[in-house]
Structures are given as C-alpha cells and as structure tokens.
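Visitor: Quick one: the structure is below, and I'll ask about it shortly.
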Amino acid sequence: MLSREDNFRLTRVSAGTPMGEVMRRYWQPILLSSELPEPDCAPVRVRLLGEDLIAFRDTSGRIGLVDAYCPHRRAPMFYGRNEECGLRCVYHGWKFDAEGNCVDLPTEPVSSKMKDHIKIAAYKTYEKADLIWAYMGPTDMMPEPPDYEWMRAPKTHLHVTKTYEHCNWLQALEGGLDTAHSSFLHRDKLWVGSKLRERDGAPRLDVEKTDHGYTYISHRNSGEDGTYVRVYQYVMPHQQMRGGVTKDQQRYDYPKLDGHLWVPIDDQQTMVYNWACGIDHNTPLPLEHMLKADTGTGRGPDDTIPGTFKLKKNPSNDYMIDRALQKATSYTGITGVNTQDFALQESMGGDGSGPICDRSKENLGSTDKAIIAMRNLLLEATRDVAAGKRPRGADPKSHCATRPFDTLVPPNTDWRKEMEYDLKPKW
Ligand code: FES
Ligand SMILES: [Fe+2]
C-alpha cells in the first residue's frame, strides 16, 4: 500500500507537482508521425501532462509544438493557418514559427518592435521511429533524445500504434508490470506462451535495479521441461519491454519484442504507445501482416472508433462482457487481451474524490514486488528532481543496451548464462 500523500505524489502530473516535474525531465512520445503526414498539413491537438498544445509540421518539415492558445487574446491556435514556415492565428493574423517566435504581427505598424518581444510557449521536438517526441522540462536539464533498441529497428521491422486509455497513467503502467495477472486475466489465449504461464500461476519474481529502472525476471516451473523465464525491462518513467516465446521455442537474433509507454495526457487520461519490433517467428507472415492479426486484441484497427484511438469496447458497454462465454471458455468473458487489461485498469477503486486508484486500501502480496519497486524508484525520482539531479533512465546511455527476452531454460541451468547473448540488442 501507499500513504494517501505518496499516492497523490505519484499520480499527479501537472506542472509544479512532484511527478509532473519528473515527467518533464524525459522525452515523451506525443504523436504518431502519420498524424502529421506532410509539410503544412492540418495542425493537431495534443494534450500532454495536463497542458493543451498544438502540433504542426511546417513547410520545411520541422515539427512545432506550441501552446494551444494565442498569446494575443488567447484564441485557439487549432484553427490556425499552417503556411510558409509558421502557424498563423486566424483571429488577427499573428504568426509563430516552430520555435515559438512571432514572425509576423500584421495588426501593428511596420515600424513596431512589438513582434520581437512576443513569443508563444513552444517545446522542443524530435522525430524518430515513426513517432514525434517532445521535451517539456528546463532546457538546461534536457537529455539527449531516447535511444531504445526498438527505435533503431528498420522501418520494415517496426510497428507503432497508440491507444487511448481512460484512467490515470500509474494504474495502467502497474498493469503492464504486473506479471502475475496474465495467468488469470488472459487465460483464454491458447498458445504456447500462455500455456507456459498457466502451468504455474504463482511465478517467483526477482527485481534487479539498473540505470534505466529495473530488470525483472519471472520464473515459472515447467516441470521436466525446466523453467519458463521471462526477463522484462521497466524503463523509467513509464515503459515496459517484453519478449515472447516462439512456438518452436527456438532463439533468434531478432525475436519479436513488444512494449508500451503509458504517457500521461493528464491526471485521468493516458495515451498508450504500443511498439513491436523484430521478426515474428510464430507465423510465416512478415511482421506487418501479423500485426494486422492484432485485430480483436483491443489494439487492432477495427477495435477502435474511427478517427479516434478509443476502444469500441469500453466502460459504457461493460467492454461487451459475455457472461455465457465467461462460464464456458473464457476467464473473463471479455474478448481481446488489451481490452481485458483496460476493463480492469479503467475501473479501479478510487478514494471517493475521483477515479484515481486509492492505493492506501491495497493489500500487496509477493507477486506485487515489481510494482512496489517501481513506485519506490518513482518516489526516488521525485526526490532527485527536487534536488536538481537528472532522474534515472533519462540519459539514453542508461537504456540503449536494454533488451527483454523470454525462453524455456532447461532444468539445472543458470538462466543468466543461458540468456546472456539473447539479452544483448542486435539492431
Ligand atoms: S488572438 Fe490570435 S492574433 Fe489575436
Ligand atoms: Fe495484461
């Protein structure tokens, strides 16, 4: 459990709050590159860490991320004209470049110097791995942009999507780090990975602190076959990386790896960025085709309401739970792994003042070790940032060589030696 004070400290992300300041020391994904498909295309609304912003791709391809409201009289920049290397407010024509400089102020005399003093708040951006990233913290504390292995995968072997989740970011992240739930919540998924999970519903968990956050290892007894070892990575502040066992249980240099980043929109909403990279060895189809098969998981293109990243199965229809199915073949009666996760995470018990999970009422057990460790690291980060230090995991050197992996380790062998090569990045 957490005290109500610490729960508050970890969950709130606006500027000036302890976690809000921590989040502002990391680069955050803000959009898929495809949401700003070409120079001078339509600007897009972005809400991030409780701030309303507008993103635009200018004539030269540069990405601007500026305050959603014009510094003249606070008109909405969303309706602006994206033209000739800047975004022009359509109320009185003031125009700003991607750095936030006012480059045209047509309502003042030509001789006026006012333009030189006007700025719109703007954040640094970076584009890589089909994503647009932003840094919202103090410039002198800005780390190099992130460099996760999956970001180095060639475009042909990387797939990135995003999904809207209607809950506080921390309870969504906790779902990602909670290894034990997959033996229960997702029990209707019938392939080798989950069979290995089903055989032992009480995995032993080790958590080892690293410069990027921690590595956590679950060991599930698989009888005479050995131990099913899953090595996951928690990369601060909100990323999980995981491997996937292949049907033939062979090891490959470029296995399919997956992960999520739970990016806070504000205190009560999260944008989940989902990535997958590598070669899928469970099917002869290339990665791209296989990801189309994501449909039905709750992440596929047919699972969301067109024009949004929101699930069709959501709290308004109880995630379309089928109680007959729940009695017959499915543990939950809810179809789709991702939807199952959302159903639990989006409806957790708050403290009566709102929907944020009230952790002062929990009773944690041995399988919650990774969650406890994550909360401690985040509390440490709030102290580090308050002391003027860079938090763990922000420097790309801390995470560039990090990789997850899982496999069946033969009886009486040391998993570390067995997996040493597999855990080294190959891209
Ligand atoms: S409010 Fe934007 S130019 Fe006047
Ligand atoms: Fe899950």
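Here's how to read the names in the structure tokens: chain A, B, ... by the order shown, residue numbers from 1 in each chain, ligand numbers from 1 in the order shown.
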Which residues are close to Glu21 (chain A), i.e. within 12 Å by only C-alpha atoms, leaving aside same-chain residues fewer than 6 positions away? Reply as a PyMOL selection string.
Guide: chain A and resi 9-15+49-50+135-138+141+237+378-379+381-391
Visitor: List all protein, DNA and RNA residues that have any atom at most 6 Å from ligand 1, counting only C-alpha atoms and all ligand atoms, and write the list as a PDB file with N, CA, C and O atoms, in the first residue's frame.
Guide:
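Generated output (result-v6.pdb):
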```
ATOM      1  N   CYS A  70      -3.401  31.444 -28.412  1.00  0.00           N
ATOM      2  CA  CYS A  70      -2.601  32.542 -28.944  1.00  0.00           C
ATOM      3  C   CYS A  70      -2.230  33.539 -27.841  1.00  0.00           C
ATOM      4  O   CYS A  70      -3.077  33.888 -27.009  1.00  0.00           O
ATOM      5  N   HIS A  72      -1.882  36.624 -28.076  1.00  0.00           N
ATOM      6  CA  HIS A  72      -2.557  37.920 -28.231  1.00  0.00           C
ATOM      7  C   HIS A  72      -3.781  37.962 -27.318  1.00  0.00           C
ATOM      8  O   HIS A  72      -3.741  38.564 -26.246  1.00  0.00           O
ATOM      9  N   ARG A  73      -4.859  37.279 -27.664  1.00  0.00           N
ATOM     10  CA  ARG A  73      -6.053  37.298 -26.810  1.00  0.00           C
ATOM     11  C   ARG A  73      -6.582  35.905 -26.557  1.00  0.00           C
ATOM     12  O   ARG A  73      -7.754  35.711 -26.322  1.00  0.00           O
ATOM     13  N   ARG A  74      -5.674  34.906 -26.633  1.00  0.00           N
ATOM     14  CA  ARG A  74      -5.971  33.523 -26.249  1.00  0.00           C
ATOM     15  C   ARG A  74      -6.984  32.836 -27.177  1.00  0.00           C
ATOM     16  O   ARG A  74      -7.763  31.973 -26.745  1.00  0.00           O
ATOM     17  N   ALA A  75      -6.954  33.168 -28.425  1.00  0.00           N
ATOM     18  CA  ALA A  75      -7.797  32.453 -29.388  1.00  0.00           C
ATOM     19  C   ALA A  75      -7.186  31.073 -29.641  1.00  0.00           C
ATOM     20  O   ALA A  75      -5.980  30.878 -29.461  1.00  0.00           O
ATOM     21  N   CYS A  89      -2.428  32.511 -36.334  1.00  0.00           N
ATOM     22  CA  CYS A  89      -3.717  32.580 -35.645  1.00  0.00           C
ATOM     23  C   CYS A  89      -4.709  33.279 -36.573  1.00  0.00           C
ATOM     24  O   CYS A  89      -4.402  34.327 -37.152  1.00  0.00           O
ATOM     25  N   TYR A  91      -7.480  34.715 -35.799  1.00  0.00           N
ATOM     26  CA  TYR A  91      -8.285  35.807 -35.216  1.00  0.00           C
ATOM     27  C   TYR A  91      -7.791  37.166 -35.736  1.00  0.00           C
ATOM     28  O   TYR A  91      -8.551  37.945 -36.279  1.00  0.00           O
ATOM     29  N   HIS A  92      -6.466  37.421 -35.567  1.00  0.00           N
ATOM     30  CA  HIS A  92      -5.923  38.695 -36.051  1.00  0.00           C
ATOM     31  C   HIS A  92      -4.621  38.529 -36.833  1.00  0.00           C
ATOM     32  O   HIS A  92      -3.881  39.474 -37.018  1.00  0.00           O
ATOM     33  N   GLY A  93      -4.314  37.280 -37.207  1.00  0.00           N
ATOM     34  CA  GLY A  93      -3.210  37.049 -38.136  1.00  0.00           C
ATOM     35  C   GLY A  93      -1.817  36.955 -37.543  1.00  0.00           C
ATOM     36  O   GLY A  93      -0.843  36.922 -38.300  1.00  0.00           O
ATOM     37  N   TRP A  94      -1.658  36.936 -36.215  1.00  0.00           N
ATOM     38  CA  TRP A  94      -0.313  36.793 -35.665  1.00  0.00           C
ATOM     39  C   TRP A  94       0.227  35.421 -36.042  1.00  0.00           C
ATOM     40  O   TRP A  94      -0.503  34.422 -35.985  1.00  0.00           O
TER      41      TRP A  94
END
```
Visitor: From a DSSP pass on the backbone, collect the residues of region 332-424 of chain A flagged as helix (DSSP H, G or I) and hand them back as a ChimeraX atom specification.
Guide: /A:337-345,359-361,366-386,396-398,415-419
Visitor: Please provide the set of residues having any atom within 10 Å of Asn82 (chain A), restricted to only C-alpha atoms, with same-chain residues fewer than 4 positions apart removed, written as a ChimeraX atom specification.
Guide: /A:39-43,56-59,77-78,86-89,95-97
Visitor: Could you write those residues out with C-alpha atoms, as a PDB file, in the first residue's frame?
Guide:
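And here's result_22.pdb as it stands now:
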```pdb
ATOM      1  CA  PRO A  39       4.537  19.725 -44.583  1.00  0.00           C
ATOM      2  CA  ASP A  40       1.834  22.343 -43.961  1.00  0.00           C
ATOM      3  CA  CYS A  41      -0.775  19.693 -43.137  1.00  0.00           C
ATOM      4  CA  ALA A  42      -3.565  20.338 -40.640  1.00  0.00           C
ATOM      5  CA  PRO A  43      -2.380  21.050 -37.103  1.00  0.00           C
ATOM      6  CA  PHE A  56       2.153  21.250 -36.627  1.00  0.00           C
ATOM      7  CA  ARG A  57       4.601  20.245 -39.350  1.00  0.00           C
ATOM      8  CA  ASP A  58       5.850  23.374 -41.085  1.00  0.00           C
ATOM      9  CA  THR A  59       6.768  23.923 -44.738  1.00  0.00           C
ATOM     10  CA  MET A  77      -4.435  28.057 -32.447  1.00  0.00           C
ATOM     11  CA  PHE A  78      -6.077  24.815 -33.630  1.00  0.00           C
ATOM     12  CA  GLY A  86       4.677  29.006 -39.342  1.00  0.00           C
ATOM     13  CA  LEU A  87       1.274  28.729 -37.740  1.00  0.00           C
ATOM     14  CA  ARG A  88      -0.908  31.828 -38.099  1.00  0.00           C
ATOM     15  CA  CYS A  89      -3.717  32.580 -35.645  1.00  0.00           C
ATOM     16  CA  LYS A  95       2.112  34.138 -36.874  1.00  0.00           C
ATOM     17  CA  PHE A  96       4.585  31.926 -34.996  1.00  0.00           C
ATOM     18  CA  ASP A  97       7.380  29.610 -36.107  1.00  0.00           C
TER      19      ASP A  97
END
```
Visitor: Please write out the residues within 9 Å of ligand 2 as a list in words, counting only C-alpha atoms and all ligand atoms.
Guide: Gly175, Gly176, Leu177, Asp178, Thr179, His181, Ser182, Leu185, His186, Val337, Asn338, Thr339, Gln340, Asp341 and Phe342 of chain A
Visitor: Restrict the selected residues to all heavy atoms and save them as an mmCIF file, in the first residue's frame.
Guide:
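In the end it all went to result-v5.cif:
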```
data_model
loop_
_atom_site.group_PDB
_atom_site.id
_atom_site.type_symbol
_atom_site.label_atom_id
_atom_site.label_comp_id
_atom_site.auth_asym_id
_atom_site.auth_seq_id
_atom_site.Cartn_x
_atom_site.Cartn_y
_atom_site.Cartn_z
ATOM 1 N N GLY A 175 -0.419 -2.231 -14.447
ATOM 2 C CA GLY A 175 -0.952 -3.400 -15.161
ATOM 3 C C GLY A 175 0.112 -3.999 -16.062
ATOM 4 O O GLY A 175 0.218 -5.220 -16.199
ATOM 5 N N GLY A 176 0.926 -3.148 -16.673
ATOM 6 C CA GLY A 176 1.986 -3.626 -17.558
ATOM 7 C C GLY A 176 3.108 -4.335 -16.815
ATOM 8 O O GLY A 176 3.740 -5.237 -17.346
ATOM 9 N N LEU A 177 3.356 -3.919 -15.592
ATOM 10 C CA LEU A 177 4.475 -4.501 -14.839
ATOM 11 C C LEU A 177 4.040 -5.694 -13.985
ATOM 12 O O LEU A 177 4.862 -6.357 -13.372
ATOM 13 C CB LEU A 177 5.096 -3.441 -13.918
ATOM 14 C CG LEU A 177 5.633 -2.177 -14.589
ATOM 15 C CD1 LEU A 177 6.328 -1.287 -13.561
ATOM 16 C CD2 LEU A 177 6.604 -2.499 -15.716
ATOM 17 N N ASP A 178 2.753 -5.937 -13.957
ATOM 18 C CA ASP A 178 2.202 -6.989 -13.115
ATOM 19 C C ASP A 178 2.217 -8.309 -13.891
ATOM 20 O O ASP A 178 1.342 -8.581 -14.687
ATOM 21 C CB ASP A 178 0.770 -6.560 -12.744
ATOM 22 C CG ASP A 178 -0.023 -7.663 -12.077
ATOM 23 O OD1 ASP A 178 0.581 -8.645 -11.614
ATOM 24 O OD2 ASP A 178 -1.251 -7.534 -12.022
ATOM 25 N N THR A 179 3.252 -9.108 -13.661
ATOM 26 C CA THR A 179 3.408 -10.338 -14.466
ATOM 27 C C THR A 179 2.398 -11.402 -14.076
ATOM 28 O O THR A 179 2.038 -12.233 -14.884
ATOM 29 C CB THR A 179 4.810 -10.933 -14.279
ATOM 30 O OG1 THR A 179 4.988 -11.183 -12.884
ATOM 31 C CG2 THR A 179 5.888 -10.005 -14.748
ATOM 32 N N HIS A 181 -0.758 -11.356 -13.421
ATOM 33 C CA HIS A 181 -2.152 -11.319 -13.881
ATOM 34 C C HIS A 181 -2.375 -12.086 -15.177
ATOM 35 O O HIS A 181 -3.471 -12.547 -15.442
ATOM 36 C CB HIS A 181 -2.643 -9.865 -14.021
ATOM 37 C CG HIS A 181 -2.248 -9.199 -15.304
ATOM 38 N ND1 HIS A 181 -1.051 -8.561 -15.504
ATOM 39 C CD2 HIS A 181 -2.916 -9.083 -16.482
ATOM 40 C CE1 HIS A 181 -1.002 -8.072 -16.727
ATOM 41 N NE2 HIS A 181 -2.106 -8.374 -17.346
ATOM 42 N N SER A 182 -1.307 -12.252 -15.977
ATOM 43 C CA SER A 182 -1.515 -12.902 -17.284
ATOM 44 C C SER A 182 -1.936 -14.366 -17.138
ATOM 45 O O SER A 182 -2.586 -14.914 -18.013
ATOM 46 C CB SER A 182 -0.282 -12.757 -18.168
ATOM 47 O OG SER A 182 0.806 -13.392 -17.566
ATOM 48 N N LEU A 185 -6.148 -13.237 -15.851
ATOM 49 C CA LEU A 185 -6.944 -12.338 -16.689
ATOM 50 C C LEU A 185 -6.955 -12.761 -18.160
ATOM 51 O O LEU A 185 -7.969 -12.672 -18.834
ATOM 52 C CB LEU A 185 -6.402 -10.902 -16.548
ATOM 53 C CG LEU A 185 -7.136 -9.802 -17.305
ATOM 54 C CD1 LEU A 185 -8.548 -9.600 -16.773
ATOM 55 C CD2 LEU A 185 -6.369 -8.480 -17.208
ATOM 56 N N HIS A 186 -5.798 -13.209 -18.660
ATOM 57 C CA HIS A 186 -5.702 -13.513 -20.101
ATOM 58 C C HIS A 186 -5.751 -15.014 -20.386
ATOM 59 O O HIS A 186 -5.228 -15.476 -21.384
ATOM 60 C CB HIS A 186 -4.402 -12.926 -20.663
ATOM 61 C CG HIS A 186 -4.233 -11.463 -20.399
ATOM 62 N ND1 HIS A 186 -5.237 -10.553 -20.608
ATOM 63 C CD2 HIS A 186 -3.184 -10.751 -19.926
ATOM 64 C CE1 HIS A 186 -4.807 -9.338 -20.279
ATOM 65 N NE2 HIS A 186 -3.565 -9.433 -19.848
ATOM 66 N N VAL A 337 -7.043 -9.349 -25.449
ATOM 67 C CA VAL A 337 -6.111 -9.187 -24.323
ATOM 68 C C VAL A 337 -6.044 -7.733 -23.858
ATOM 69 O O VAL A 337 -6.124 -7.429 -22.665
ATOM 70 C CB VAL A 337 -4.690 -9.649 -24.751
ATOM 71 C CG1 VAL A 337 -3.679 -9.393 -23.655
ATOM 72 C CG2 VAL A 337 -4.707 -11.114 -25.105
ATOM 73 N N ASN A 338 -5.917 -6.844 -24.831
ATOM 74 C CA ASN A 338 -5.788 -5.435 -24.481
ATOM 75 C C ASN A 338 -7.080 -4.907 -23.827
ATOM 76 O O ASN A 338 -7.039 -4.125 -22.878
ATOM 77 C CB ASN A 338 -5.475 -4.644 -25.755
ATOM 78 C CG ASN A 338 -5.069 -3.229 -25.478
ATOM 79 O OD1 ASN A 338 -4.069 -2.982 -24.859
ATOM 80 N ND2 ASN A 338 -5.892 -2.288 -25.922
ATOM 81 N N THR A 339 -8.212 -5.370 -24.332
ATOM 82 C CA THR A 339 -9.496 -4.945 -23.752
ATOM 83 C C THR A 339 -9.640 -5.468 -22.326
ATOM 84 O O THR A 339 -10.156 -4.773 -21.447
ATOM 85 C CB THR A 339 -10.662 -5.448 -24.626
ATOM 86 O OG1 THR A 339 -10.357 -5.160 -25.983
ATOM 87 C CG2 THR A 339 -11.960 -4.766 -24.255
ATOM 88 N N GLN A 340 -9.167 -6.694 -22.106
ATOM 89 C CA GLN A 340 -9.218 -7.248 -20.748
ATOM 90 C C GLN A 340 -8.425 -6.358 -19.790
ATOM 91 O O GLN A 340 -8.881 -6.025 -18.693
ATOM 92 C CB GLN A 340 -8.639 -8.668 -20.757
ATOM 93 C CG GLN A 340 -9.526 -9.663 -21.494
ATOM 94 C CD GLN A 340 -8.782 -10.906 -21.957
ATOM 95 O OE1 GLN A 340 -7.588 -11.067 -21.708
ATOM 96 N NE2 GLN A 340 -9.495 -11.795 -22.637
ATOM 97 N N ASP A 341 -7.227 -5.948 -20.225
ATOM 98 C CA ASP A 341 -6.416 -5.062 -19.376
ATOM 99 C C ASP A 341 -7.153 -3.756 -19.085
ATOM 100 O O ASP A 341 -7.203 -3.291 -17.952
ATOM 101 C CB ASP A 341 -5.084 -4.742 -20.072
ATOM 102 C CG ASP A 341 -4.102 -5.900 -20.004
ATOM 103 O OD1 ASP A 341 -4.074 -6.597 -18.970
ATOM 104 O OD2 ASP A 341 -3.363 -6.107 -20.982
ATOM 105 N N PHE A 342 -7.706 -3.161 -20.146
ATOM 106 C CA PHE A 342 -8.374 -1.858 -19.975
ATOM 107 C C PHE A 342 -9.575 -1.975 -19.035
ATOM 108 O O PHE A 342 -9.849 -1.084 -18.243
ATOM 109 C CB PHE A 342 -8.823 -1.310 -21.340
ATOM 110 C CG PHE A 342 -7.726 -0.598 -22.097
ATOM 111 C CD1 PHE A 342 -6.406 -0.992 -21.965
ATOM 112 C CD2 PHE A 342 -8.016 0.466 -22.939
ATOM 113 C CE1 PHE A 342 -5.394 -0.351 -22.667
ATOM 114 C CE2 PHE A 342 -7.013 1.127 -23.635
ATOM 115 C CZ PHE A 342 -5.703 0.718 -23.506
#
```
Visitor: Restricting the calculation to only C-alpha atoms, which member of A:Ala129, A:Ala373, A:Leu408, A:Ala401 is positioned closest to Met151 (chain A)?
Guide: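 Among A:Ala129, A:Ala373, A:Leu408, A:Ala401, it is A:Ala129 that comes nearest to Met151 (chain A).
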Visitor: Env of Gly278 (chain A): 9 Å cut, atoms = only C-alpha atoms, seq-sep filter 6 positions within chain, self excluded. Answer as a list in words.
Guide: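 The contact residues come out as Trp150, Ala153, His157, Leu158, Asp253, Tyr254, Pro255, Lys256, Leu257, Asp258 and Leu287 of chain A.
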Visitor: Include C-alpha atoms and write out the residues we just selected as a PDB file, in the first residue's frame.
Guide:
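What follows is the written file part-v3.pdb:
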```
ATOM      1  CA  TRP A 150      13.287  -0.749 -30.955  1.00  0.00           C
ATOM      2  CA  ALA A 153      14.917  -1.197 -35.897  1.00  0.00           C
ATOM      3  CA  HIS A 157      10.542  -4.343 -38.774  1.00  0.00           C
ATOM      4  CA  LEU A 158       8.935  -1.809 -36.507  1.00  0.00           C
ATOM      5  CA  ASP A 253      18.747 -12.730 -33.130  1.00  0.00           C
ATOM      6  CA  TYR A 254      15.717 -10.598 -33.941  1.00  0.00           C
ATOM      7  CA  PRO A 255      12.872 -12.065 -31.938  1.00  0.00           C
ATOM      8  CA  LYS A 256       9.577 -10.244 -31.838  1.00  0.00           C
ATOM      9  CA  LEU A 257       9.741  -7.844 -28.904  1.00  0.00           C
ATOM     10  CA  ASP A 258       6.904  -5.685 -27.653  1.00  0.00           C
ATOM     11  CA  LEU A 287       5.598  -8.582 -39.122  1.00  0.00           C
TER      12      LEU A 287
END
```
Visitor: Quick one: residues within 10 Å of His238 (chain A), only C-alpha atoms counted, chain neighbours fewer than 6 positions away excluded, as a PyMOL selection string?
Guide: chain A and resi 23+28+169-170+172-174+176-177+213+260-264+272+374+378
